[in-house]
Amino acid sequence: MWIAPQAHAADAFRVIRFPVDGVASFVDSFNDGSAPGRVHHGIDIMASKMTPVVAAVDGRVRWYTASEQSYGWMVVLEDDAGYAYHYIHLNNDTPGTDDGRGGRRTAIAPEIRPGASVTQGQVIGWVGDSGNAESTLPHLHFEIHVPSGSAMNPYRSLLAAERQGLFRIADVQSAVTSIDVDKQLSSTSGGAVFCVAGSLIRSTTNAAMYYCGADGKRYVFPNQKVYASWYTNFAAVQKMTDLEMAMIPMGGNVTYKPGMRLVKIATDPKVYAVDRGGTLRWVTSSAVAAKLYGAQWAKRVEDIPDTFFVNYRVGESVTAAG
């Protein structure tokens, strides 16, 4: 039978993956009185039932409940340093109900067995309200225990993990004021410059649109959709001859303006948010996408041709919306 050890006083910190893979919220409830004579040795992460719960670290399964206990379905993971991660109140309902009859198959992933290896981000179960959480909203009770067995406050670790997977549209958009800023272009000295930095240009015989960077090079818009993410019209576009255009060296392609669109490619089912510097961040669930871009988020998804995917790089996943 599992018994919670005494709380660890030190303000410890662990680098982890956020343990709920979807829209979630939490406050620092560590050491709150949860019931008469009992102290809350973890953090309650509020989320919808059946939201995936994932391994916070690489490690192994130290223990799990083979049947539902008074505190609910539970899994304990352990990392190589001996820290233990407790997941409590995993789902006990048939999906879409509150019948308490879901059993192990809706609480804990089938591959989770004592001694089994897990990788960070691997699904180990699902959010629920099992055990003594039946009278509360669905949530994951998450604890971290130091190697000696004492419980430490996981709040700082969770906060850092959430921010790693956080995407705030307003912050991203306000930080990128121009293509120069997005590409981190700076002016060069000593060389001839044949276009005005920050201007939009095209030749008189070709419809291709370019941005003149601060480095004196021209950056092409791959298509009108990319252009429209940066500019609303063509009023500022300057025309020049083919000879004048040829004197301006190519710098590369313009990528979608950060925060403006969701994108995908034909050979990848994942939907990505565009972050600074052409960074694509996988939006891990439709719930997060809806929180970012509204219920009609799917209408904001643009396709990137495979040939232009090389202009982007894949960054960390988006697991929470700011």
# chains A, B, ... in the order shown; residues from 1 in each chain; ligands from 1
$ residues_around --residues "A:Trp126" --least-positions-apart "2" --cutoff "8 Å" --atoms "only C-alpha atoms" --output "PyMOL selection string"
chain A and resi 49-53+90-91+106-108+124+128
$ residues_around --residues "stretch 261-264 of chain A" --least-positions-apart "4" --cutoff "10 Å" --atoms "only C-alpha atoms" --output "PyMOL selection string"
chain A and resi 225-226+229+256-257+268-275+280-283+289+292-293+297-306+309
$ write_last_selection --atoms "N, CA and C atoms" --output "CSV table (one decimal), in the first residue's frame"
chain,number,residue,atom,x,y,z
A,225,LYS,N,0.4,33.6,-50.1
A,225,LYS,CA,-0.1,33.4,-48.7
A,225,LYS,C,1.0,33.8,-47.7
A,226,VAL,N,2.2,33.5,-48.0
A,226,VAL,CA,3.3,34.0,-47.2
A,226,VAL,C,3.4,35.5,-47.2
A,229,SER,N,0.8,37.1,-45.0
A,229,SER,CA,1.0,37.0,-43.6
A,229,SER,C,1.8,38.2,-43.0
A,256,TYR,N,6.6,32.3,-43.2
A,256,TYR,CA,5.4,32.8,-42.6
A,256,TYR,C,5.7,33.7,-41.4
A,257,LYS,N,4.9,34.8,-41.3
A,257,LYS,CA,5.1,35.7,-40.1
A,257,LYS,C,4.7,34.9,-38.9
A,268,ASP,N,3.1,15.2,-43.7
A,268,ASP,CA,3.2,15.2,-42.3
A,268,ASP,C,1.8,15.6,-41.7
A,269,PRO,N,1.1,14.7,-41.0
A,269,PRO,CA,-0.2,15.1,-40.5
A,269,PRO,C,-0.2,16.1,-39.4
A,270,LYS,N,1.0,16.4,-38.8
A,270,LYS,CA,1.0,17.3,-37.7
A,270,LYS,C,0.7,18.8,-38.1
A,271,VAL,N,0.1,19.5,-37.3
A,271,VAL,CA,-0.2,21.0,-37.5
A,271,VAL,C,0.8,21.8,-36.6
A,272,TYR,N,1.5,22.8,-37.2
A,272,TYR,CA,2.5,23.5,-36.5
A,272,TYR,C,2.1,25.0,-36.4
A,273,ALA,N,2.5,25.6,-35.2
A,273,ALA,CA,2.4,27.0,-35.1
A,273,ALA,C,3.8,27.6,-35.6
A,274,VAL,N,3.8,28.8,-36.2
A,274,VAL,CA,5.0,29.4,-36.7
A,274,VAL,C,5.5,30.3,-35.6
A,275,ASP,N,6.7,30.0,-35.1
A,275,ASP,CA,7.4,30.9,-34.1
A,275,ASP,C,8.5,31.7,-34.8
A,280,LEU,N,9.0,26.0,-36.5
A,280,LEU,CA,7.7,25.3,-36.5
A,280,LEU,C,7.6,24.5,-35.2
A,281,ARG,N,6.5,24.7,-34.5
A,281,ARG,CA,6.3,24.1,-33.2
A,281,ARG,C,5.0,23.3,-33.3
A,282,TRP,N,5.1,22.0,-33.2
A,282,TRP,CA,3.9,21.1,-33.3
A,282,TRP,C,2.9,21.4,-32.2
A,283,VAL,N,1.7,21.7,-32.6
A,283,VAL,CA,0.6,21.9,-31.7
A,283,VAL,C,0.0,20.5,-31.3
A,289,ALA,N,-4.9,24.0,-30.1
A,289,ALA,CA,-5.1,24.8,-31.3
A,289,ALA,C,-6.3,25.7,-31.2
A,292,LEU,N,-5.6,28.6,-29.0
A,292,LEU,CA,-4.7,29.6,-29.6
A,292,LEU,C,-5.5,30.4,-30.7
A,293,TYR,N,-6.2,29.7,-31.6
A,293,TYR,CA,-6.8,30.4,-32.8
A,293,TYR,C,-8.3,30.3,-32.9
A,297,TRP,N,-10.0,27.1,-35.9
A,297,TRP,CA,-8.6,27.1,-36.1
A,297,TRP,C,-8.2,26.3,-37.4
A,298,ALA,N,-8.9,25.3,-37.7
A,298,ALA,CA,-8.5,24.5,-38.9
A,298,ALA,C,-8.5,25.3,-40.2
A,299,LYS,N,-9.3,26.4,-40.2
A,299,LYS,CA,-9.4,27.2,-41.4
A,299,LYS,C,-8.2,28.1,-41.5
A,300,ARG,N,-7.4,28.2,-40.5
A,300,ARG,CA,-6.1,29.0,-40.5
A,300,ARG,C,-4.9,28.2,-40.9
A,301,VAL,N,-5.1,26.9,-41.2
A,301,VAL,CA,-4.0,26.0,-41.5
A,301,VAL,C,-3.6,26.2,-43.0
A,302,GLU,N,-2.4,26.5,-43.2
A,302,GLU,CA,-1.9,26.7,-44.6
A,302,GLU,C,-0.9,25.5,-44.9
A,303,ASP,N,-0.9,25.1,-46.2
A,303,ASP,CA,0.0,24.0,-46.6
A,303,ASP,C,1.4,24.6,-47.0
A,304,ILE,N,2.4,24.0,-46.5
A,304,ILE,CA,3.8,24.3,-47.0
A,304,ILE,C,4.2,23.3,-48.0
A,305,PRO,N,4.5,23.6,-49.2
A,305,PRO,CA,5.0,22.6,-50.1
A,305,PRO,C,6.3,21.9,-49.6
A,306,ASP,N,6.5,20.7,-49.8
A,306,ASP,CA,7.6,19.9,-49.3
A,306,ASP,C,8.9,20.6,-49.7
A,309,PHE,N,9.8,23.3,-47.1
A,309,PHE,CA,9.9,22.9,-45.7
A,309,PHE,C,11.3,23.1,-45.2
$ residues_around --residues "A:Gln122" --least-positions-apart "3" --cutoff "7 Å" --atoms "only C-alpha atoms" --output "list of chain:residue names"
A:Val54, A:Ala55, A:Val118, A:Thr119
$ residues_around --residues "A:Val220" --least-positions-apart "6" --cutoff "10 Å" --atoms "only C-alpha atoms" --output "PyMOL selection string"
chain A and resi 200-202+208-212+226-227+250-255
$ select_by_dssp --residues "stretch 72-293 of chain A" --states "strand (DSSP E)" --output "ChimeraX atom specification"
/A:73-78,84-90,117-118,123-126,139-145,151-152,166-167,200-203,210-212,218-220,237-240,250-253,262-265,268-275,279-282
$ residues_around --residues "stretch 22-29 of chain A" --least-positions-apart "6" --cutoff "8 Å" --atoms "only C-alpha atoms" --output "number ranges by chain"
A: 40, 42-48, 51-52, 155, 284-285, 287-288, 319-321
$ write_last_selection --atoms "N, CA and C atoms" --output "compact mmCIF listing (two decimals), in the first residue's frame"
# COMPACT_ATOMS: atom_id res chain seq x y z
N HIS A 40 -1.39 17.87 1.48
CA HIS A 40 -1.30 17.71 0.03
C HIS A 40 0.16 17.75 -0.40
N GLY A 42 1.46 17.18 -3.37
CA GLY A 42 1.66 17.34 -4.80
C GLY A 42 0.97 18.57 -5.32
N ILE A 43 0.86 18.64 -6.65
CA ILE A 43 0.16 19.71 -7.35
C ILE A 43 -0.96 19.09 -8.16
N ASP A 44 -2.16 19.66 -8.08
CA ASP A 44 -3.28 19.20 -8.89
C ASP A 44 -3.28 19.95 -10.22
N ILE A 45 -3.14 19.21 -11.31
CA ILE A 45 -3.14 19.79 -12.66
C ILE A 45 -4.52 19.53 -13.26
N MET A 46 -5.31 20.58 -13.38
CA MET A 46 -6.69 20.45 -13.85
C MET A 46 -6.71 20.29 -15.38
N ALA A 47 -7.44 19.29 -15.85
CA ALA A 47 -7.55 19.04 -17.29
C ALA A 47 -8.78 18.16 -17.52
N SER A 48 -9.21 18.08 -18.77
CA SER A 48 -10.38 17.27 -19.11
C SER A 48 -10.06 15.78 -18.99
N THR A 51 -7.49 13.37 -21.17
CA THR A 51 -6.33 14.09 -21.68
C THR A 51 -5.10 13.21 -21.41
N PRO A 52 -4.24 12.99 -22.40
CA PRO A 52 -3.09 12.10 -22.17
C PRO A 52 -2.18 12.60 -21.05
N TYR A 155 6.13 22.55 -7.96
CA TYR A 155 5.57 23.73 -8.64
C TYR A 155 6.57 24.39 -9.58
N THR A 284 0.21 20.09 -30.12
CA THR A 284 0.02 18.69 -29.77
C THR A 284 -1.42 18.23 -29.68
N SER A 285 -2.39 19.14 -29.65
CA SER A 285 -3.78 18.71 -29.58
C SER A 285 -4.69 19.76 -30.21
N ALA A 287 -7.34 20.79 -28.86
CA ALA A 287 -7.77 21.69 -27.78
C ALA A 287 -6.83 22.86 -27.63
N VAL A 288 -5.52 22.61 -27.74
CA VAL A 288 -4.55 23.69 -27.67
C VAL A 288 -4.68 24.60 -28.89
N THR A 319 2.42 22.64 -25.96
CA THR A 319 1.52 21.85 -25.11
C THR A 319 0.56 22.72 -24.33
N ALA A 320 0.73 24.04 -24.39
CA ALA A 320 -0.14 24.96 -23.67
C ALA A 320 -0.23 26.28 -24.41
N ALA A 321 -1.40 26.93 -24.33
CA ALA A 321 -1.63 28.19 -25.00
C ALA A 321 -1.65 29.33 -24.00
$ select_by_dssp --residues "stretch 23-168 of chain A" --states "alpha helix (DSSP H)" --output "compact mmCIF listing (two decimals) with C-alpha atoms, in the first residue's frame"
# COMPACT_ATOMS: atom_id res chain seq x y z
CA TYR A 155 5.57 23.73 -8.64
CA ARG A 156 8.79 25.32 -9.96
CA SER A 157 9.54 22.29 -12.10
CA LEU A 158 6.00 22.29 -13.54
CA LEU A 159 6.08 26.02 -14.19
CA ALA A 160 9.34 25.75 -16.13
CA ALA A 161 8.05 22.72 -18.05
CA GLU A 162 4.80 24.49 -18.96
CA ARG A 163 6.67 27.53 -20.23
CA GLN A 164 8.84 25.31 -22.41
$ atom_distance --atom1 "atom CA of A:Ile179" --atom2 "atom CA of A:Lys239"
19.6 Å
$ atom_distance --atom1 "atom CA of A:Gly103" --atom2 "atom CA of A:Ser67"
7.7 Å
$ residues_around --residues "A:Pro114" --least-positions-apart "3" --cutoff "8 Å" --atoms "only C-alpha atoms" --output "count of residues only"
5
